[in-house]
$ cat run-v9.txt   # compact mmCIF, C-alpha atoms
# COMPACT_ATOMS: atom_id res chain seq x y z
CA MET D 1 -37.99 17.20 6.03
CA ARG D 2 -38.17 14.42 3.47
CA LEU D 3 -36.43 11.21 2.57
CA ALA D 4 -33.45 12.09 0.39
CA THR D 5 -33.25 10.43 -3.03
CA THR D 6 -30.29 9.81 -5.30
CA ALA D 7 -31.22 13.10 -6.99
CA ASP D 8 -30.47 14.83 -3.65
CA ARG D 9 -27.11 13.16 -3.16
CA THR D 10 -24.96 16.03 -4.48
CA THR D 11 -26.79 18.47 -2.20
CA VAL D 12 -26.34 16.18 0.81
CA GLU D 13 -22.65 15.71 -0.08
CA ARG D 14 -22.18 19.48 0.03
CA LEU D 15 -23.97 19.69 3.36
CA TRP D 16 -21.80 16.78 4.58
CA LEU D 17 -18.66 18.86 4.03
CA MET D 18 -20.12 21.63 6.18
CA PHE D 19 -21.09 19.11 8.86
CA ARG D 20 -17.65 17.48 8.96
CA HIS D 21 -16.03 20.92 9.01
CA ASP D 22 -18.14 21.85 12.05
CA MET D 23 -17.30 18.54 13.76
CA SER D 24 -13.57 18.90 13.07
CA GLU D 25 -13.49 21.48 15.85
CA PHE D 26 -14.45 18.81 18.39
CA HIS D 27 -12.44 15.89 16.98
CA GLY D 28 -9.30 17.74 15.90
CA VAL D 29 -9.59 16.24 12.43
CA LEU D 30 -8.18 17.82 9.29
CA PRO D 31 -9.56 17.18 5.82
CA ASN D 32 -7.97 14.59 3.55
CA PRO D 33 -5.31 15.86 1.11
CA ASP D 34 -8.08 16.47 -1.48
CA GLY D 35 -9.98 18.75 0.93
CA ALA D 36 -12.74 16.21 1.65
CA PHE D 37 -13.49 14.60 4.99
CA ARG D 38 -14.17 10.93 5.67
CA ASP D 39 -17.55 10.08 4.26
CA GLU D 40 -18.33 6.40 4.82
CA TRP D 41 -21.52 7.26 6.74
CA LEU D 42 -22.68 9.40 3.83
CA HIS D 43 -22.21 6.46 1.47
CA GLN D 44 -23.91 4.05 3.87
CA ALA D 45 -26.89 6.37 4.27
CA PHE D 46 -27.54 6.20 0.52
CA SER D 47 -26.59 2.58 -0.13
CA GLU D 48 -27.45 0.45 2.91
CA SER D 49 -31.02 -0.82 3.24
CA ASP D 50 -30.90 -0.42 7.02
CA TRP D 51 -30.18 3.32 6.74
CA ALA D 52 -32.32 6.29 5.70
CA PRO D 53 -31.03 9.71 4.64
CA TYR D 54 -33.31 12.69 5.21
CA LEU D 55 -32.96 16.14 3.69
CA LEU D 56 -34.07 19.09 5.81
CA THR D 57 -35.38 22.04 3.83
CA SER D 58 -36.55 25.56 4.40
CA GLY D 59 -38.82 26.40 1.50
CA ASP D 60 -36.93 25.27 -1.57
CA ARG D 61 -33.50 25.58 0.11
CA PRO D 62 -31.50 22.80 1.75
CA ALA D 63 -31.17 23.40 5.48
CA GLY D 64 -29.56 20.19 6.74
CA PHE D 65 -29.71 16.42 6.84
CA ALA D 66 -30.24 13.48 9.16
CA PHE D 67 -29.00 9.91 8.74
CA VAL D 68 -30.91 7.16 10.52
CA ARG D 69 -29.23 3.79 10.97
CA GLY D 70 -30.60 0.54 12.32
CA LEU D 71 -34.05 0.78 10.75
CA THR D 72 -34.64 -2.93 11.40
CA ALA D 73 -32.68 -3.10 14.68
CA SER D 74 -34.17 -3.02 18.15
CA THR D 75 -32.57 0.42 18.64
CA ARG D 76 -32.26 3.02 15.91
CA GLY D 77 -29.55 5.62 15.83
CA LEU D 78 -29.57 9.16 14.61
CA ASN D 79 -26.13 8.65 13.12
CA SER D 80 -25.52 12.13 11.77
CA PHE D 81 -27.61 15.27 12.15
CA PHE D 82 -26.82 18.69 10.75
CA VAL D 83 -28.58 22.03 10.38
CA VAL D 84 -26.80 24.81 8.48
CA ARG D 85 -25.87 27.76 10.66
CA GLY D 86 -28.30 30.11 8.92
CA ALA D 87 -31.23 27.86 9.93
CA ARG D 88 -30.18 27.07 13.50
CA ARG D 89 -32.39 28.24 16.35
CA SER D 90 -35.33 28.48 13.94
CA GLY D 91 -37.05 25.30 15.17
CA ILE D 92 -36.30 23.36 11.99
CA GLY D 93 -33.98 20.93 13.79
CA LEU D 94 -36.42 20.06 16.57
CA GLN D 95 -39.28 19.70 14.10
CA ALA D 96 -37.21 17.42 11.84
CA VAL D 97 -36.13 15.19 14.73
CA GLN D 98 -39.72 14.88 15.97
CA GLU D 99 -40.90 13.92 12.48
CA ILE D 100 -38.12 11.36 12.04
CA LEU D 101 -38.77 9.77 15.44
CA ALA D 102 -42.48 9.59 14.65
CA LEU D 103 -41.75 7.86 11.32
CA HIS D 104 -39.65 5.21 13.07
CA PRO D 105 -41.15 4.61 16.53
CA GLY D 106 -39.17 2.63 19.07
CA SER D 107 -35.90 2.87 20.94
CA TRP D 108 -33.39 5.51 19.85
CA GLU D 109 -29.83 6.57 20.57
CA VAL D 110 -28.00 9.73 19.59
CA ALA D 111 -24.42 10.69 20.37
CA PHE D 112 -22.77 14.08 20.70
CA GLN D 113 -19.67 15.59 22.24
CA ASP D 114 -19.73 17.45 25.57
CA ALA D 115 -17.48 20.12 24.05
CA ASN D 116 -20.20 20.88 21.50
CA THR D 117 -22.30 22.84 23.98
CA ALA D 118 -24.94 23.85 21.42
CA ALA D 119 -25.47 20.20 20.44
CA ALA D 120 -25.58 19.17 24.11
CA ARG D 121 -28.34 21.72 24.83
CA PHE D 122 -30.21 20.76 21.65
CA TRP D 123 -30.19 16.98 22.24
CA ARG D 124 -31.17 17.28 25.89
CA ARG D 125 -34.04 19.55 24.86
CA VAL D 126 -35.07 17.06 22.15
CA ALA D 127 -35.02 14.19 24.66
CA THR D 128 -37.11 16.11 27.18
CA THR D 129 -39.56 17.32 24.51
CA VAL D 130 -40.02 13.82 23.10
CA ALA D 131 -39.77 11.63 26.21
CA GLY D 132 -40.29 13.90 29.22
CA ASP D 133 -38.00 12.60 31.94
CA ALA D 134 -37.93 9.06 30.51
CA TRP D 135 -34.52 9.27 28.85
CA THR D 136 -30.99 8.44 29.91
CA GLU D 137 -27.56 9.84 29.23
CA GLU D 138 -24.21 8.05 29.44
CA ARG D 139 -20.65 8.53 28.29
CA ARG D 140 -19.03 5.91 26.04
CA PRO D 141 -15.48 5.79 24.67
CA VAL D 142 -15.09 6.68 20.99
CA PRO D 143 -14.16 3.38 19.27
CA GLY D 144 -10.56 3.38 18.10
CA ARG D 145 -9.93 6.91 19.41
CA PRO D 146 -8.58 6.72 22.97
CA ASP D 147 -7.20 10.24 22.46
CA LEU D 148 -10.73 11.70 22.38
CA PRO D 149 -13.03 12.31 25.32
CA PRO D 150 -15.99 9.92 25.45
CA ASP D 151 -19.12 10.67 23.44
CA VAL D 152 -22.33 11.44 25.30
CA TRP D 153 -25.16 9.08 24.34
CA ILE D 154 -28.82 9.85 24.92
CA SER D 155 -31.23 6.92 24.87
CA LEU D 156 -35.00 7.29 24.66
CA SER D 157 -38.08 5.56 23.38
CA THR D 158 -40.80 7.02 21.22
CA ILE D 159 -43.24 4.31 22.28
CA ALA D 160 -45.17 6.14 24.97
CA ALA D 161 -48.74 6.12 23.66
CA SER D 162 -50.23 6.07 27.16
CA THR D 163 -48.69 9.46 27.92
CA GLY D 164 -49.75 10.99 24.62
CA ARG D 165 -46.14 11.45 23.57
CA THR D 166 -44.65 10.03 20.39

$ encode --input "run-v9.txt" --output "structure tokens"
Amino acid sequence: MRLATTADRTTVERLWLMFRHDMSEFHGVLPNPDGAFRDEWLHQAFSESDWAPYLLTSGDRPAGFAFVRGLTASTRGLNSFFVVRGARRSGIGLQAVQEILALHPGSWEVAFQDANTAAARFWRRVATTVAGDAWTEERRPVPGRPDLPPDVWISLSTIAASTGRT
């Protein structure tokens, strides 16, 4: 896992299409007429100073990405997180999240959809691995999308030095 640079942008854009394709199953979203999906978060990750794009790799191959938002806010968000199917269940996702949280200690939030059962298992495991039982989960409506079920939000803090956790 490393901070993505402008030289990595094309690679991350390709991974973004895979990510949005995977998420279309849970949001019922079709691509735009040109075959692309909405990509404002991708652009923000590379252009906004309060965001950080990370590229996940396996050897010299791209394996996924993570977008962190709110770097200077009281609570950071793991805005988008994706691991290609060929690298899932290999530990790369958990390792990447732990490294990202360690780089940016503090309060965190991450959202996922209940219907995405693999993501639900993954994020609950991440929360427990990182924060023990000191994390919360709540459902929040998707802004501007009353037709969708609420997102599940996990909140945790990586500031737990007295317990030895990061």

$ atom_distance --input "run-v9.txt" --atom1 "CA of His104 (chain D)" --atom2 "CA of Ile159 (chain D)"
9.9 Å

$ closest_residue --input "run-v9.txt" --among "D:Gly132, D:Asn32, D:Phe37, D:Trp108" --to "Val68 (chain D)" --atoms "only C-alpha atoms"
D:Trp108

$ closest_residue --input "run-v9.txt" --among "D:Arg85, D:Thr117, D:Gly59, D:Arg76" --to "Phe19 (chain D)" --atoms "all atoms listed in the file"
D:Arg85

$ residues_around --input "run-v9.txt" --residues "Ser107 (chain D)" --least-positions-apart "4" --cutoff "7 Å" --atoms "all atoms listed in the file" --output "list in words"
Ser74, Thr75, Arg76, Leu156, Ser157 and Thr158 of chain D

$ closest_residue --input "run-v9.txt" --among "D:Ala115, D:Val126, D:Val110, D:Leu3" --to "Leu94 (chain D)" --atoms "only C-alpha atoms"
D:Val126

$ residues_near_point --input "run-v9.txt" --point "(-23.6, 5.0, 25.9)" --cutoff "10 Å" --atoms "only C-alpha atoms" --output "mmCIF file with C-alpha atoms, in the coordinates of the input"
data_model
loop_
_atom_site.group_PDB
_atom_site.id
_atom_site.type_symbol
_atom_site.label_atom_id
_atom_site.label_comp_id
_atom_site.auth_asym_id
_atom_site.auth_seq_id
_atom_site.Cartn_x
_atom_site.Cartn_y
_atom_site.Cartn_z
ATOM 1 C CA GLU D 109 -29.830 6.570 20.570
ATOM 2 C CA VAL D 110 -28.000 9.730 19.590
ATOM 3 C CA ALA D 111 -24.420 10.690 20.370
ATOM 4 C CA THR D 136 -30.990 8.440 29.910
ATOM 5 C CA GLU D 137 -27.560 9.840 29.230
ATOM 6 C CA GLU D 138 -24.210 8.050 29.440
ATOM 7 C CA ARG D 139 -20.650 8.530 28.290
ATOM 8 C CA ARG D 140 -19.030 5.910 26.040
ATOM 9 C CA PRO D 141 -15.480 5.790 24.670
ATOM 10 C CA VAL D 142 -15.090 6.680 20.990
ATOM 11 C CA PRO D 150 -15.990 9.920 25.450
ATOM 12 C CA ASP D 151 -19.120 10.670 23.440
ATOM 13 C CA VAL D 152 -22.330 11.440 25.300
ATOM 14 C CA TRP D 153 -25.160 9.080 24.340
ATOM 15 C CA ILE D 154 -28.820 9.850 24.920
ATOM 16 C CA SER D 155 -31.230 6.920 24.870
#

$ axis_aligned_box --input "run-v9.txt" --around "region 51-60 of chain D" --padding-each-side "8 Å" --output "AutoDock Vina command-line options"
--center_x -34.5 --center_y 14.9 --center_z 2.6 --size_x 24.6 --size_y 39.1 --size_z 24.3

$ build_atoms --input "run-v9.txt" --residues "region 2-36 of chain D" --atoms "N, CA and C atoms" --output "CSV table (one decimal), in the coordinates of the input"
chain,number,residue,atom,x,y,z
D,2,ARG,N,-37.7,15.5,4.3
D,2,ARG,CA,-38.2,14.4,3.5
D,2,ARG,C,-37.0,13.4,3.3
D,3,LEU,N,-37.4,12.2,2.9
D,3,LEU,CA,-36.4,11.2,2.6
D,3,LEU,C,-35.6,11.7,1.4
D,4,ALA,N,-34.3,11.7,1.5
D,4,ALA,CA,-33.4,12.1,0.4
D,4,ALA,C,-33.4,11.0,-0.7
D,5,THR,N,-33.4,11.4,-1.9
D,5,THR,CA,-33.2,10.4,-3.0
D,5,THR,C,-31.9,10.6,-3.7
D,6,THR,N,-31.6,9.7,-4.6
D,6,THR,CA,-30.3,9.8,-5.3
D,6,THR,C,-30.2,11.2,-6.0
D,7,ALA,N,-31.3,11.8,-6.4
D,7,ALA,CA,-31.2,13.1,-7.0
D,7,ALA,C,-30.7,14.2,-6.0
D,8,ASP,N,-30.9,13.9,-4.7
D,8,ASP,CA,-30.5,14.8,-3.6
D,8,ASP,C,-29.0,14.6,-3.2
D,9,ARG,N,-28.4,13.6,-3.7
D,9,ARG,CA,-27.1,13.2,-3.2
D,9,ARG,C,-26.1,14.3,-3.2
D,10,THR,N,-26.0,15.0,-4.4
D,10,THR,CA,-25.0,16.0,-4.5
D,10,THR,C,-25.2,17.1,-3.4
D,11,THR,N,-26.4,17.5,-3.2
D,11,THR,CA,-26.8,18.5,-2.2
D,11,THR,C,-26.4,18.0,-0.8
D,12,VAL,N,-26.7,16.7,-0.5
D,12,VAL,CA,-26.3,16.2,0.8
D,12,VAL,C,-24.8,16.1,1.0
D,13,GLU,N,-24.1,15.7,-0.1
D,13,GLU,CA,-22.6,15.7,-0.1
D,13,GLU,C,-22.1,17.1,0.3
D,14,ARG,N,-22.6,18.1,-0.3
D,14,ARG,CA,-22.2,19.5,0.0
D,14,ARG,C,-22.5,19.8,1.5
D,15,LEU,N,-23.6,19.5,2.0
D,15,LEU,CA,-24.0,19.7,3.4
D,15,LEU,C,-23.0,18.9,4.3
D,16,TRP,N,-22.7,17.7,3.8
D,16,TRP,CA,-21.8,16.8,4.6
D,16,TRP,C,-20.5,17.5,4.8
D,17,LEU,N,-19.9,18.2,3.8
D,17,LEU,CA,-18.7,18.9,4.0
D,17,LEU,C,-18.8,19.9,5.1
D,18,MET,N,-19.9,20.6,5.1
D,18,MET,CA,-20.1,21.6,6.2
D,18,MET,C,-20.2,21.0,7.6
D,19,PHE,N,-20.9,19.9,7.6
D,19,PHE,CA,-21.1,19.1,8.9
D,19,PHE,C,-19.7,18.6,9.4
D,20,ARG,N,-19.0,18.0,8.5
D,20,ARG,CA,-17.6,17.5,9.0
D,20,ARG,C,-16.7,18.6,9.3
D,21,HIS,N,-16.8,19.7,8.6
D,21,HIS,CA,-16.0,20.9,9.0
D,21,HIS,C,-16.4,21.4,10.4
D,22,ASP,N,-17.7,21.5,10.7
D,22,ASP,CA,-18.1,21.8,12.0
D,22,ASP,C,-17.6,20.9,13.1
D,23,MET,N,-17.7,19.6,12.8
D,23,MET,CA,-17.3,18.5,13.8
D,23,MET,C,-15.8,18.5,13.9
D,24,SER,N,-15.0,19.0,13.0
D,24,SER,CA,-13.6,18.9,13.1
D,24,SER,C,-13.1,19.7,14.3
D,25,GLU,N,-13.8,20.7,14.7
D,25,GLU,CA,-13.5,21.5,15.8
D,25,GLU,C,-13.4,20.6,17.1
D,26,PHE,N,-14.3,19.6,17.2
D,26,PHE,CA,-14.4,18.8,18.4
D,26,PHE,C,-13.6,17.5,18.3
D,27,HIS,N,-13.2,17.1,17.1
D,27,HIS,CA,-12.4,15.9,17.0
D,27,HIS,C,-11.0,16.2,16.6
D,28,GLY,N,-10.7,17.4,16.3
D,28,GLY,CA,-9.3,17.7,15.9
D,28,GLY,C,-8.9,17.1,14.6
D,29,VAL,N,-9.8,16.9,13.7
D,29,VAL,CA,-9.6,16.2,12.4
D,29,VAL,C,-9.4,17.2,11.3
D,30,LEU,N,-8.4,17.0,10.5
D,30,LEU,CA,-8.2,17.8,9.3
D,30,LEU,C,-8.8,17.1,8.1
D,31,PRO,N,-9.1,17.8,7.0
D,31,PRO,CA,-9.6,17.2,5.8
D,31,PRO,C,-8.5,16.3,5.2
D,32,ASN,N,-8.9,15.4,4.3
D,32,ASN,CA,-8.0,14.6,3.6
D,32,ASN,C,-7.2,15.5,2.6
D,33,PRO,N,-6.1,15.0,2.0
D,33,PRO,CA,-5.3,15.9,1.1
D,33,PRO,C,-6.1,16.5,0.0
D,34,ASP,N,-7.3,15.9,-0.4
D,34,ASP,CA,-8.1,16.5,-1.5
D,34,ASP,C,-9.1,17.5,-1.0
D,35,GLY,N,-9.1,17.8,0.3
D,35,GLY,CA,-10.0,18.8,0.9
D,35,GLY,C,-11.3,18.2,1.4
D,36,ALA,N,-11.5,16.9,1.2
D,36,ALA,CA,-12.7,16.2,1.6
D,36,ALA,C,-12.5,15.6,3.0
